[in-house]
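Undergrad: Take a look at final.txt, compact mmCIF, C-alpha atoms (C1' of nucleotides) and all ligand atoms:
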```txt
# COMPACT_ATOMS: atom_id res chain seq x y z
CA MET J 1 -35.93 -25.17 36.81
CA HIS J 2 -32.84 -24.94 34.70
CA LYS J 3 -32.22 -28.70 34.64
CA GLN J 4 -35.77 -29.31 33.39
CA THR J 5 -35.81 -26.97 30.41
CA THR J 6 -32.22 -27.67 29.47
CA HIS J 7 -31.83 -29.30 26.08
CA HIS J 8 -29.02 -31.42 24.78
CA HIS J 9 -27.00 -28.62 23.21
CA ILE J 10 -26.04 -27.20 26.56
CA HIS J 11 -23.56 -29.96 27.20
CA THR J 12 -21.72 -29.10 24.00
CA VAL J 13 -21.55 -25.43 24.89
CA ASP J 14 -20.42 -26.16 28.44
CA SER J 15 -17.61 -28.43 27.38
CA LEU J 16 -16.53 -26.10 24.60
CA LEU J 17 -16.13 -23.31 27.14
CA LYS J 18 -14.31 -25.52 29.60
CA LYS J 19 -12.01 -26.84 26.88
CA ASN J 20 -10.94 -23.26 26.35
CA GLN J 21 -10.41 -22.63 30.06
CA LEU J 22 -13.29 -20.20 30.28
CA SER J 23 -15.65 -20.08 33.22
CA VAL J 24 -19.15 -21.11 32.25
CA THR J 25 -21.53 -18.19 32.53
CA ALA J 26 -25.06 -17.56 31.30
CA GLY J 27 -23.91 -14.92 28.83
CA ARG J 28 -21.17 -17.01 27.27
CA LYS J 29 -23.44 -20.02 26.98
CA LYS J 30 -26.16 -18.00 25.31
CA ILE J 31 -23.86 -16.30 22.83
CA LEU J 32 -21.97 -19.45 21.91
CA GLN J 33 -25.27 -21.24 21.42
CA LEU J 34 -26.39 -18.55 18.98
CA PHE J 35 -23.37 -19.29 16.82
CA LEU J 36 -23.96 -23.04 16.96
CA ASP J 37 -27.66 -22.72 16.11
CA GLN J 38 -27.19 -21.21 12.67
CA PRO J 39 -24.75 -21.45 9.79
CA GLY J 40 -23.92 -17.80 9.12
CA ALA J 41 -21.99 -15.04 10.77
CA LEU J 42 -23.33 -12.74 13.47
CA SER J 43 -22.72 -9.09 14.23
CA HIS J 44 -22.71 -7.56 17.66
CA GLY J 45 -26.13 -6.13 16.87
CA ASP J 46 -27.54 -9.51 15.82
CA ILE J 47 -26.45 -10.95 19.13
CA GLU J 48 -27.89 -8.15 21.18
CA LYS J 49 -31.24 -8.64 19.46
CA SER J 50 -31.25 -12.43 19.65
CA ALA J 51 -30.20 -12.46 23.28
CA GLY J 52 -33.11 -10.24 24.20
CA GLU J 53 -32.62 -7.56 26.82
CA LYS J 54 -30.89 -10.04 29.03
CA PHE J 55 -27.28 -8.98 28.66
CA ASP J 56 -25.46 -5.70 28.87
CA ARG J 57 -23.91 -4.36 25.69
CA VAL J 58 -20.53 -4.32 27.34
CA THR J 59 -20.80 -7.97 28.28
CA VAL J 60 -21.50 -8.88 24.67
CA TYR J 61 -18.49 -6.92 23.49
CA ARG J 62 -16.25 -8.48 26.09
CA THR J 63 -17.55 -11.98 25.42
CA LEU J 64 -16.98 -11.67 21.68
CA GLN J 65 -13.46 -10.39 22.27
CA THR J 66 -12.77 -13.28 24.65
CA PHE J 67 -13.99 -15.79 22.08
CA VAL J 68 -11.81 -14.24 19.39
CA ASP J 69 -8.79 -14.32 21.70
CA LYS J 70 -9.40 -17.98 22.47
CA GLY J 71 -9.77 -18.96 18.83
CA ILE J 72 -13.44 -19.91 19.16
CA ILE J 73 -14.69 -17.34 16.67
CA HIS J 74 -13.03 -15.11 14.09
CA THR J 75 -13.86 -11.72 12.64
CA ILE J 76 -14.88 -11.28 9.03
CA PRO J 77 -13.95 -8.21 6.99
CA THR J 78 -16.88 -6.68 5.17
CA ALA J 79 -17.16 -3.98 2.56
CA ASP J 80 -19.87 -2.16 4.49
CA ASN J 81 -17.63 -1.66 7.45
CA SER J 82 -19.51 -3.71 10.01
CA VAL J 83 -17.82 -6.34 12.15
CA ARG J 84 -19.13 -9.87 11.85
CA TYR J 85 -18.09 -13.00 13.69
CA ALA J 86 -18.24 -16.69 12.83
CA LEU J 87 -17.23 -19.94 14.46
CA CYS J 88 -13.75 -21.17 13.74
CA LYS J 89 -13.95 -24.62 12.24
CA ASP J 90 -10.24 -24.97 11.71
CA ASP J 91 -7.72 -25.75 14.40
CA CYS J 92 -7.58 -22.24 15.79
CA SER J 93 -6.26 -21.80 19.29
CA GLU J 94 -5.41 -19.05 21.74
CA GLY J 95 -3.64 -16.31 19.83
CA HIS J 96 -3.43 -18.29 16.59
CA HIS J 97 -6.08 -18.24 13.93
CA HIS J 98 -5.73 -20.33 10.80
CA ASP J 99 -8.77 -19.39 8.80
CA HIS J 100 -7.62 -19.67 5.23
CA HIS J 101 -11.07 -19.78 3.72
CA ILE J 102 -13.03 -17.17 1.85
CA HIS J 103 -16.21 -15.40 2.94
CA PHE J 104 -19.43 -14.94 1.08
CA VAL J 105 -21.97 -12.15 1.60
CA CYS J 106 -25.42 -12.71 0.12
CA ASN J 107 -26.91 -9.63 -1.49
CA HIS J 108 -30.39 -11.04 -1.00
CA CYS J 109 -30.64 -12.38 2.56
CA HIS J 110 -27.63 -10.34 3.68
CA GLN J 111 -26.17 -13.26 5.56
CA THR J 112 -22.46 -13.87 5.65
CA PHE J 113 -21.06 -17.38 5.31
CA CYS J 114 -17.66 -18.95 5.74
CA LEU J 115 -16.93 -21.08 2.70
CA ASP J 116 -14.60 -23.39 4.54
CA ASP J 117 -13.89 -25.54 1.50
CA VAL J 118 -12.80 -22.69 -0.74
CA VAL J 119 -9.19 -21.84 -0.03
CA THR J 120 -7.89 -18.34 -0.64
CA PRO J 121 -6.24 -18.17 -4.07
CA ALA J 122 -2.55 -17.42 -4.50
CA ILE J 123 -2.06 -13.85 -5.68
CA LYS J 124 0.81 -12.88 -7.94
CA LEU J 125 2.01 -9.55 -6.56
CA PRO J 126 4.19 -6.97 -8.31
CA ARG J 127 7.93 -7.03 -7.54
CA GLY J 128 8.73 -5.70 -4.08
CA TYR J 129 5.48 -6.65 -2.40
CA SER J 130 5.25 -9.64 -0.08
CA ALA J 131 2.03 -11.09 1.30
CA ASP J 132 1.37 -12.16 4.87
CA GLN J 133 -2.34 -12.71 4.53
CA VAL J 134 -4.99 -12.70 1.83
CA GLU J 135 -8.60 -11.86 2.59
CA VAL J 136 -11.26 -12.63 0.01
CA VAL J 137 -14.87 -11.55 0.33
CA VAL J 138 -17.27 -12.55 -2.42
CA GLU J 139 -20.62 -10.85 -2.82
CA GLY J 140 -23.47 -12.50 -4.67
CA ILE J 141 -26.42 -14.84 -4.16
CA CYS J 142 -26.14 -17.67 -1.69
CA ARG J 143 -27.33 -21.24 -2.05
CA ASN J 144 -30.50 -20.66 -0.02
CA CYS J 145 -31.55 -17.66 -2.09
CA SER J 146 -30.75 -18.90 -5.60
CA MET S 1 -3.30 36.98 -4.83
CA HIS S 2 -4.75 33.72 -5.96
CA LYS S 3 -3.44 33.90 -9.50
CA GLN S 4 0.10 34.54 -8.24
CA THR S 5 0.49 31.64 -5.82
CA THR S 6 -1.43 29.20 -7.95
CA HIS S 7 0.65 26.28 -9.16
CA HIS S 8 0.02 24.08 -12.13
CA HIS S 9 -1.87 21.32 -10.30
CA ILE S 10 -4.85 23.55 -9.67
CA HIS S 11 -5.89 23.42 -13.29
CA THR S 12 -6.05 19.61 -13.13
CA VAL S 13 -8.21 19.64 -10.03
CA ASP S 14 -10.46 22.35 -11.39
CA SER S 15 -11.07 20.61 -14.66
CA LEU S 16 -11.53 17.24 -12.98
CA LEU S 17 -14.30 18.73 -10.86
CA LYS S 18 -15.89 20.49 -13.79
CA LYS S 19 -15.73 17.34 -15.90
CA ASN S 20 -17.85 15.69 -13.24
CA GLN S 21 -20.33 18.55 -13.13
CA LEU S 22 -19.34 19.59 -9.65
CA SER S 23 -19.05 23.20 -8.59
CA VAL S 24 -15.50 24.14 -7.79
CA THR S 25 -15.12 24.90 -4.10
CA ALA S 26 -12.14 25.30 -1.80
CA GLY S 27 -12.94 22.12 0.10
CA ARG S 28 -13.32 19.93 -2.94
CA LYS S 29 -10.14 21.28 -4.49
CA LYS S 30 -8.17 20.68 -1.33
CA ILE S 31 -9.42 17.13 -0.81
CA LEU S 32 -9.01 16.10 -4.42
CA GLN S 33 -5.50 17.52 -4.40
CA LEU S 34 -4.64 15.37 -1.38
CA PHE S 35 -5.52 12.26 -3.33
CA LEU S 36 -3.51 13.37 -6.36
CA ASP S 37 -0.45 14.26 -4.28
CA GLN S 38 0.23 10.76 -2.96
CA PRO S 39 -0.07 7.18 -4.17
CA GLY S 40 -1.97 5.50 -1.32
CA ALA S 41 -5.44 5.55 0.09
CA LEU S 42 -6.78 8.07 2.58
CA SER S 43 -9.19 7.73 5.44
CA HIS S 44 -11.56 10.41 6.60
CA GLY S 45 -9.21 11.00 9.53
CA ASP S 46 -6.16 11.39 7.28
CA ILE S 47 -7.99 14.04 5.32
CA GLU S 48 -9.12 15.95 8.37
CA LYS S 49 -5.54 16.08 9.61
CA SER S 50 -3.99 16.97 6.26
CA ALA S 51 -6.54 19.66 5.54
CA GLY S 52 -5.78 21.37 8.83
CA GLU S 53 -8.58 22.93 10.81
CA LYS S 54 -9.89 24.51 7.68
CA PHE S 55 -12.91 22.34 6.93
CA ASP S 56 -15.77 21.05 8.96
CA ARG S 57 -15.98 17.32 9.56
CA VAL S 58 -19.36 17.20 7.91
CA THR S 59 -18.03 18.85 4.78
CA VAL S 60 -15.33 16.21 4.49
CA TYR S 61 -17.89 13.42 4.85
CA ARG S 62 -20.16 14.97 2.26
CA THR S 63 -17.34 15.67 -0.14
CA LEU S 64 -16.06 12.10 0.04
CA GLN S 65 -19.56 10.77 -0.55
CA THR S 66 -19.99 13.10 -3.51
CA PHE S 67 -16.70 11.92 -5.01
CA VAL S 68 -17.71 8.27 -4.54
CA ASP S 69 -21.08 8.93 -6.17
CA LYS S 70 -19.39 10.59 -9.14
CA GLY S 71 -16.89 7.78 -9.62
CA ILE S 72 -13.87 9.92 -8.74
CA ILE S 73 -12.83 7.82 -5.74
CA HIS S 74 -13.79 4.38 -4.44
CA THR S 75 -13.95 2.85 -0.99
CA ILE S 76 -11.61 0.09 0.08
CA PRO S 77 -12.67 -2.68 2.47
CA THR S 78 -10.22 -3.26 5.28
CA ALA S 79 -9.91 -5.93 7.93
CA ASP S 80 -9.65 -3.37 10.72
CA ASN S 81 -13.00 -1.92 9.84
CA SER S 82 -11.95 1.56 8.85
CA VAL S 83 -13.10 3.15 5.62
CA ARG S 84 -10.42 4.19 3.19
CA TYR S 85 -10.72 5.93 -0.16
CA ALA S 86 -8.57 5.96 -3.26
CA LEU S 87 -8.69 7.56 -6.69
CA CYS S 88 -10.42 5.60 -9.40
CA LYS S 89 -8.01 5.05 -12.24
CA ASP S 90 -10.40 2.98 -14.30
CA ASP S 91 -13.26 4.33 -16.31
CA CYS S 92 -15.61 4.81 -13.38
CA SER S 93 -18.50 7.18 -13.78
CA GLU S 94 -21.55 8.39 -11.94
CA GLY S 95 -23.16 5.40 -10.29
CA HIS S 96 -20.86 2.86 -11.94
CA HIS S 97 -17.59 1.71 -10.50
CA HIS S 98 -15.38 -0.76 -12.34
CA ASP S 99 -12.52 -1.30 -9.95
CA HIS S 100 -11.49 -4.88 -10.54
CA HIS S 101 -8.11 -4.63 -8.88
CA ILE S 102 -6.89 -5.87 -5.54
CA HIS S 103 -5.82 -3.81 -2.55
CA PHE S 104 -2.69 -4.07 -0.48
CA VAL S 105 -2.28 -2.99 3.13
CA CYS S 106 1.29 -2.62 4.39
CA ASN S 107 1.81 -3.92 7.91
CA HIS S 108 4.83 -1.66 8.31
CA CYS S 109 3.87 1.80 7.03
CA HIS S 110 0.15 1.04 7.31
CA GLN S 111 -0.55 2.57 3.94
CA THR S 112 -3.13 1.08 1.62
CA PHE S 113 -2.44 0.82 -2.10
CA CYS S 114 -4.51 -0.05 -5.13
CA LEU S 115 -2.62 -2.64 -7.17
CA ASP S 116 -4.24 -1.64 -10.42
CA ASP S 117 -2.34 -4.21 -12.44
CA VAL S 118 -3.36 -7.19 -10.34
CA VAL S 119 -6.79 -8.35 -11.36
CA THR S 120 -9.03 -10.14 -8.89
CA PRO S 121 -8.71 -13.90 -9.35
CA ALA S 122 -11.61 -16.06 -10.44
CA ILE S 123 -13.03 -17.96 -7.48
CA LYS S 124 -14.54 -21.40 -7.87
CA LEU S 125 -17.59 -21.34 -5.61
CA PRO S 126 -19.57 -24.33 -4.32
CA ARG S 127 -22.71 -25.31 -6.22
CA GLY S 128 -25.57 -22.89 -5.63
CA TYR S 129 -23.50 -19.79 -5.01
CA SER S 130 -23.09 -17.12 -7.66
CA ALA S 131 -20.67 -14.21 -7.44
CA ASP S 132 -21.43 -10.59 -8.28
CA GLN S 133 -18.23 -9.11 -6.95
CA VAL S 134 -14.94 -10.31 -5.50
CA GLU S 135 -12.96 -8.19 -3.06
CA VAL S 136 -9.36 -9.12 -2.33
CA VAL S 137 -7.29 -7.42 0.35
CA VAL S 138 -3.70 -8.55 0.78
CA GLU S 139 -1.75 -7.71 3.90
CA GLY S 140 2.04 -7.71 3.92
CA ILE S 141 5.06 -5.52 3.28
CA CYS S 142 4.91 -2.95 0.51
CA ARG S 143 7.57 -2.06 -2.02
CA ASN S 144 8.73 1.02 -0.12
CA CYS S 145 9.17 -0.88 3.13
CA SER S 146 10.83 -4.08 1.89
C1' DA B 1 -19.84 43.89 -12.24
C1' DA B 2 -24.14 43.21 -10.00
C1' DT B 3 -28.05 40.13 -9.36
C1' DA B 4 -30.77 36.14 -8.59
C1' DG B 5 -31.03 31.24 -8.14
C1' DT B 6 -28.82 27.22 -6.72
C1' DT B 7 -25.47 24.60 -4.32
C1' DT B 8 -22.42 23.97 -0.65
C1' DT B 9 -20.80 24.85 3.87
C1' DG B 10 -20.71 25.27 8.89
C1' DC B 11 -23.02 24.59 12.99
C1' DA B 12 -25.70 22.22 16.40
C1' DA B 13 -27.78 18.38 17.75
C1' DC B 14 -28.18 13.66 17.63
C1' DA B 15 -27.62 8.34 17.06
C1' DC B 16 -24.66 4.53 17.07
C1' DT B 17 -20.62 1.91 18.23
C1' DG B 18 -17.13 0.66 21.08
C1' DT B 19 -14.10 1.47 25.42
C1' DT B 20 -12.75 2.07 30.30
C1' DG B 21 -13.02 2.19 35.48
C1' DC B 22 -15.28 0.67 39.21
C1' DT B 23 -18.68 -1.90 42.07
C1' DT B 24 -21.57 -5.82 42.59
C1' DT B 25 -22.62 -10.42 41.39
C1' DT B 26 -21.44 -14.92 39.87
C1' DT B 27 -18.41 -18.69 39.31
C1' DC B 28 -14.65 -21.66 40.71
C1' DT B 29 -11.75 -23.94 44.12
C1' DT B 30 -11.08 -25.84 48.50
C1' DA X 1 -20.16 -23.41 52.83
C1' DA X 2 -16.49 -19.87 52.49
C1' DG X 3 -12.97 -17.30 50.32
C1' DA X 4 -10.59 -16.01 46.12
C1' DA X 5 -10.95 -15.01 41.41
C1' DA X 6 -13.43 -13.86 37.38
C1' DA X 7 -17.22 -11.86 34.97
C1' DA X 8 -21.24 -8.85 34.62
C1' DG X 9 -23.54 -4.58 35.10
C1' DC X 10 -23.48 0.28 35.34
C1' DA X 11 -22.10 4.90 34.27
C1' DA X 12 -19.49 7.80 31.85
C1' DC X 13 -16.97 8.78 27.91
C1' DA X 14 -14.67 9.06 23.04
C1' DG X 15 -15.04 8.38 18.19
C1' DT X 16 -17.59 8.17 14.02
C1' DG X 17 -21.05 9.24 11.06
C1' DT X 18 -25.85 11.52 10.04
C1' DT X 19 -29.48 15.14 9.63
C1' DG X 20 -31.85 19.77 9.51
C1' DC X 21 -31.31 24.30 8.93
C1' DA X 22 -29.37 28.98 8.29
C1' DA X 23 -25.41 31.42 6.38
C1' DA X 24 -22.04 31.62 2.84
C1' DA X 25 -20.17 30.56 -1.61
C1' DC X 26 -20.62 29.47 -6.26
C1' DT X 27 -22.76 29.68 -11.04
C1' DA X 28 -25.28 31.50 -14.68
C1' DT X 29 -27.45 35.57 -16.49
C1' DT X 30 -27.95 40.10 -17.28
MN MN Y 1 -14.78 -17.53 8.30
MN MN Y 2 -8.55 0.61 -5.40
ZN ZN Y 3 -28.93 -15.46 0.71
ZN ZN Y 4 4.84 -0.02 3.66
```
Let me see the file written as structure tokens.
Ligand SMILES: [Mn+2]
Ligand SMILES: [Mn+2]
Ligand SMILES: [Zn+2]
Ligand SMILES: [Zn+2]

TA:
Amino acid sequence: MHKQTTHHHIHTVDSLLKKNQLSVTAGRKKILQLFLDQPGALSHGDIEKSAGEKFDRVTVYRTLQTFVDKGIIHTIPTADNSVRYALCKDDCSEGHHHDHHIHFVCNHCHQTFCLDDVVTPAIKLPRGYSADQVEVVVEGICRNCS
Amino acid sequence: MHKQTTHHHIHTVDSLLKKNQLSVTAGRKKILQLFLDQPGALSHGDIEKSAGEKFDRVTVYRTLQTFVDKGIIHTIPTADNSVRYALCKDDCSEGHHHDHHIHFVCNHCHQTFCLDDVVTPAIKLPRGYSADQVEVVVEGICRNCS
DNA sequence: AATAGTTTTGCAACACTGTTGCTTTTTCTT
DNA sequence: AAGAAAAAGCAACAGTGTTGCAAAACTATT
């Protein structure tokens, strides 16, 4: 029955998991598909809802952590203190993220987007401070809502 | 016994509370003093530790929220998803914060600082997006640790 | 200084989020 | 198909933050 209802995306998800040396499981396929099916970022709660009652909370947590470790997704800092995740589009790999883009939170639809084309600006720091990383989160109205 | 051991800071804290139409209580004085006594930002946990076993957790939460509402302190977004608070040095008031500075998190001493002199940079967004607010958090090594 | 009205605090109970250890189930390799 | 390895599910727990309510503290007035 699986082969019948399977649609073309599955192949992408399967190979993406294999490329990252992860065993292909129902939970990982489902969660990865959720990220591929929409442009924004997802929280743990979003995923639990979207995935129905099918997966244990713990499995979702562990899957997300695995994806972060492998460089498949990255976390996004938010002002409201909730963790969100989005697909890495850059050349991130195991243990090394290179996401030098900014993030945008829409005050209307409350979605979070990676603006991959907007690089983080250089910041001129006072004497004595040195920067390792710069995180920029912009709040406002997104393209869909304006 | 209070008048004897009182030191000069108390007057500042008292008047700061009164200026914001808040009744002067032991908890509020203590917490506000903690912010005035050091340059960085404080988390709820920091405050609970520093204040000893003297105040209930709930009181600390409510006091911090009251201070935020009054424009005495502001929250700082962090990548590790913990809420931190720092004194407002700008002209913030009840319901209106104007903290257009960036924040710095030291990877060595793990303190968070408001860099009040570094204004948030202008960000050129893609067509269709409009910005209400820009949050910048820089991670690196602070002046004390370099 | 005592009183009355109002605000704040402490307490208990609860919801939500995330973690860990262990057993069962699934996946991968041969 | 079978055995080894990995992941999922379950239960229990810790940490964080919230709410309702009664007791205590504070403020304004006499
Ligand atoms: Mn991103
Ligand atoms: Mn600040
Ligand atoms: Zn939107
Ligand atoms: Zn430091």

Undergrad: Could you list, with a cut-off of 9 Å and counting only C-alpha atoms, the residues of chain J near chain S, each shown with its nearest atom pair and the distance in Å rounded to one decimal, rows sorted by chain and ascending number, as a tab-separated table?

TA:
```
residue	atom	partner	partner_atom	distance
J:Thr75	CA	S:Ala79	CA	8.4
J:Ile76	CA	S:Ala79	CA	7.4
J:Pro77	CA	S:Ala79	CA	4.7
J:Thr78	CA	S:Pro77	CA	6.4
J:Ala79	CA	S:Pro77	CA	4.7
J:Asp80	CA	S:Pro77	CA	7.5
J:Asn81	CA	S:Asn81	CA	5.2
J:Ser82	CA	S:Asn81	CA	6.8
J:Val83	CA	S:Asn81	CA	6.9
J:Phe104	CA	S:Ala131	CA	8.6
J:Cys106	CA	S:Tyr129	CA	9.0
J:Asn107	CA	S:Asp132	CA	8.8
J:Leu115	CA	S:Pro126	CA	8.2
J:Asp117	CA	S:Pro126	CA	8.2
J:Val118	CA	S:Leu125	CA	7.0
J:Thr120	CA	S:Ile123	CA	8.6
J:Pro121	CA	S:Pro121	CA	7.2
J:Ala122	CA	S:Pro121	CA	8.6
J:Ile123	CA	S:Pro121	CA	7.6
J:Lys124	CA	S:Val118	CA	7.5
J:Leu125	CA	S:Val118	CA	7.0
J:Pro126	CA	S:Val118	CA	7.8
J:Arg127	CA	S:Arg143	CA	7.4
J:Gly128	CA	S:Arg143	CA	4.3
J:Tyr129	CA	S:Cys142	CA	4.7
J:Ser130	CA	S:Ile141	CA	5.3
J:Ala131	CA	S:Gly140	CA	4.3
J:Asp132	CA	S:Gly140	CA	4.6
J:Gln133	CA	S:Glu139	CA	5.1
J:Val134	CA	S:Val138	CA	4.5
J:Glu135	CA	S:Val137	CA	5.1
J:Val136	CA	S:Val136	CA	4.6
J:Val137	CA	S:Glu135	CA	5.1
J:Val138	CA	S:Val134	CA	4.5
J:Glu139	CA	S:Gln133	CA	5.1
J:Gly140	CA	S:Ala131	CA	4.3
J:Ile141	CA	S:Ser130	CA	5.3
J:Cys142	CA	S:Tyr129	CA	4.7
J:Arg143	CA	S:Gly128	CA	4.3
J:Asn144	CA	S:Gly128	CA	7.8
J:Cys145	CA	S:Gly128	CA	8.7
J:Ser146	CA	S:Gly128	CA	6.5
```

Undergrad: Contacts from chain X to chain S, 12 Å maximum, all atoms listed in the file: show me the residue list as a list of chain:residue names.

TA: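 Filtering chain X at 12 Å from chain S with all atoms listed in the file gives X:DG15, X:DT16, X:DG17, X:DT18, X:DT19, X:DA24, X:DA25, X:DC26, X:DT27.
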
Undergrad: After a least-squares superposition of chain J onto chain S, with every Cα atom paired in order, give the RMSD to one decimal place.

TA: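 Computed on C-alpha atoms only, the RMSD stands at 0.2 Å.
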
Undergrad: Which value, in Å to one decimal, gives the distance between atom CA of Asn20 of chain S and atom CA of Cys88 of chain S?

TA: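 One can read the atom CA of Asn20 of chain S to atom CA of Cys88 of chain S distance as 13.1 Å.
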
Undergrad: Name all residues at most 12 Å from DT25 of chain B (count only C-alpha atoms (C1' of nucleotides); drop same-chain ones fewer than 2 positions away) and give them as number ranges by chain.

TA: J: 25; B: 23, 27; X: 6-9

Undergrad: Please provide the set of residues having any atom within 6 Å of Ile73 of chain S, restricted to only C-alpha atoms (C1' of nucleotides), with same-chain residues fewer than 4 positions apart removed, written as a PyMOL selection string.

TA: chain S and resi 67-68+86-88

Undergrad: Can you check which residues of chain B have any atom within 12 Å of chain S? Use only C-alpha atoms (C1' of nucleotides) and format it as a VMD selection string.

TA: chain B and resid 6 to 12 17

Undergrad: Which polymer residues have any atom within 12 Å of an atom of Lys29 of chain S, counting only C-alpha atoms (C1' of nucleotides), with same-chain residues fewer than 5 positions away left out, as a PDB file with C-alpha atoms, in the frame of the given file?

TA:
```pdb
ATOM      1  CA  HIS S   9      -1.870  21.320 -10.300  1.00  0.00           C
ATOM      2  CA  ILE S  10      -4.850  23.550  -9.670  1.00  0.00           C
ATOM      3  CA  HIS S  11      -5.890  23.420 -13.290  1.00  0.00           C
ATOM      4  CA  THR S  12      -6.050  19.610 -13.130  1.00  0.00           C
ATOM      5  CA  VAL S  13      -8.210  19.640 -10.030  1.00  0.00           C
ATOM      6  CA  ASP S  14     -10.460  22.350 -11.390  1.00  0.00           C
ATOM      7  CA  SER S  15     -11.070  20.610 -14.660  1.00  0.00           C
ATOM      8  CA  LEU S  16     -11.530  17.240 -12.980  1.00  0.00           C
ATOM      9  CA  LEU S  17     -14.300  18.730 -10.860  1.00  0.00           C
ATOM     10  CA  LYS S  18     -15.890  20.490 -13.790  1.00  0.00           C
ATOM     11  CA  LEU S  22     -19.340  19.590  -9.650  1.00  0.00           C
ATOM     12  CA  SER S  23     -19.050  23.200  -8.590  1.00  0.00           C
ATOM     13  CA  VAL S  24     -15.500  24.140  -7.790  1.00  0.00           C
ATOM     14  CA  LEU S  34      -4.640  15.370  -1.380  1.00  0.00           C
ATOM     15  CA  PHE S  35      -5.520  12.260  -3.330  1.00  0.00           C
ATOM     16  CA  LEU S  36      -3.510  13.370  -6.360  1.00  0.00           C
ATOM     17  CA  ASP S  37      -0.450  14.260  -4.280  1.00  0.00           C
ATOM     18  CA  ALA S  51      -6.540  19.660   5.540  1.00  0.00           C
ATOM     19  CA  PHE S  55     -12.910  22.340   6.930  1.00  0.00           C
ATOM     20  CA  VAL S  60     -15.330  16.210   4.490  1.00  0.00           C
ATOM     21  CA  THR S  63     -17.340  15.670  -0.140  1.00  0.00           C
ATOM     22  CA  LEU S  64     -16.060  12.100   0.040  1.00  0.00           C
ATOM     23  CA  PHE S  67     -16.700  11.920  -5.010  1.00  0.00           C
TER      24      PHE S  67
END
```

Undergrad: Counting all atoms listed in the file, which residue out of J:Lys19, J:Arg28, J:Lys54, J:Arg84 sits closest to ligand MN 1 (chain Y)?

TA: J:Arg84

Undergrad: Rounded to one decimal in Å, what is the spacing between atom CA of Gly52 of chain S and atom C1' of DA23 of chain X?

TA: 22.2 Å

Undergrad: Rounded to one decimal, what separation in Å do you get between atom CA of Leu42 of chain S and atom CA of Thr66 of chain S?

TA: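 Atom-to-atom, atom CA of Leu42 of chain S and atom CA of Thr66 of chain S are spaced 15.4 Å apart.
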
Undergrad: Pick out the closest residue to Asp69 of chain J from this set: J:Glu48, J:Cys109, J:Gln38, J:Gln21. Count all atoms listed in the file.

TA: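 Selected residue with least distance to Asp69 of chain J: J:Gln21.
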